[in-house]
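So the structure is just underneath, and the comments pick up after that.
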Amino acid sequence: MKANVIWLAIGFLGQALFSMRFLIQWIYSERKKRSVIPLAFWYFSLAGGITLLSYAIYRRDPVFILGQATGVFIYTRNLQLIARERRTKASGVS
């Protein structure tokens with residue numbers, strides 16, 4: 001298989017992962033009957049963002065690279081904040 005076909009598949013995979021987060025958020029919010037962002041949203045955001053960033057680097061697209069790199073930073077930071085909050089709650093410290 002040619003490299004460009006593999007990278008095209010990686011790009012589509014990244015877009016699919018990235019899109020799944022919206023489906024997960026919508027289903028979760030419907031179940032809760034309020035707008036919420038579940039943990040899986042951030043994991044799919046990170047997985048899709050990293051995959052799309054890889055594709056953008058392969059394509060050498062600076063606009064796409066900047067956009068995805070910024071997103072990856074934000075998704076990672078949200079996961080760090082969630083982990084910190086869980087540790088704080090588990091230790092009983094407010």
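Naming works like this for the structure tokens: A, B, ... for the chains as they're shown, residue 1 at the start of each chain, ligands 1 onward in shown order.
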Worksheet item: Near Phe44 of chain A, counting only C-alpha atoms, which residues have an atom at most 7 Å away, once you skip same-chain residues fewer than 3 positions from it, shown as a ChimeraX atom specification?
Response: /A:17-18,20-21,40-41,47-48
Discussion item. If we count only C-alpha atoms and set the cut-off at 12 Å, which residues sit around Asn78 of chain A, ignoring sequence neighbours fewer than 6 positions away in its own chain? Please answer as a VMD selection string.
Written reply: chain A and resid 37 to 43 45 to 46 71 to 72 84 to 85
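Note that the spacing between atom CA of Leu52 of chain A and atom CA of Leu81 of chain A amounts to 23.3 Å.
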Item to complete: Have a look at A:Lys32, A:Ser19, A:Leu8, A:Ile57 and name the one nearest to Ala69 of chain A; count only C-alpha atoms.
Response: A:Ile57
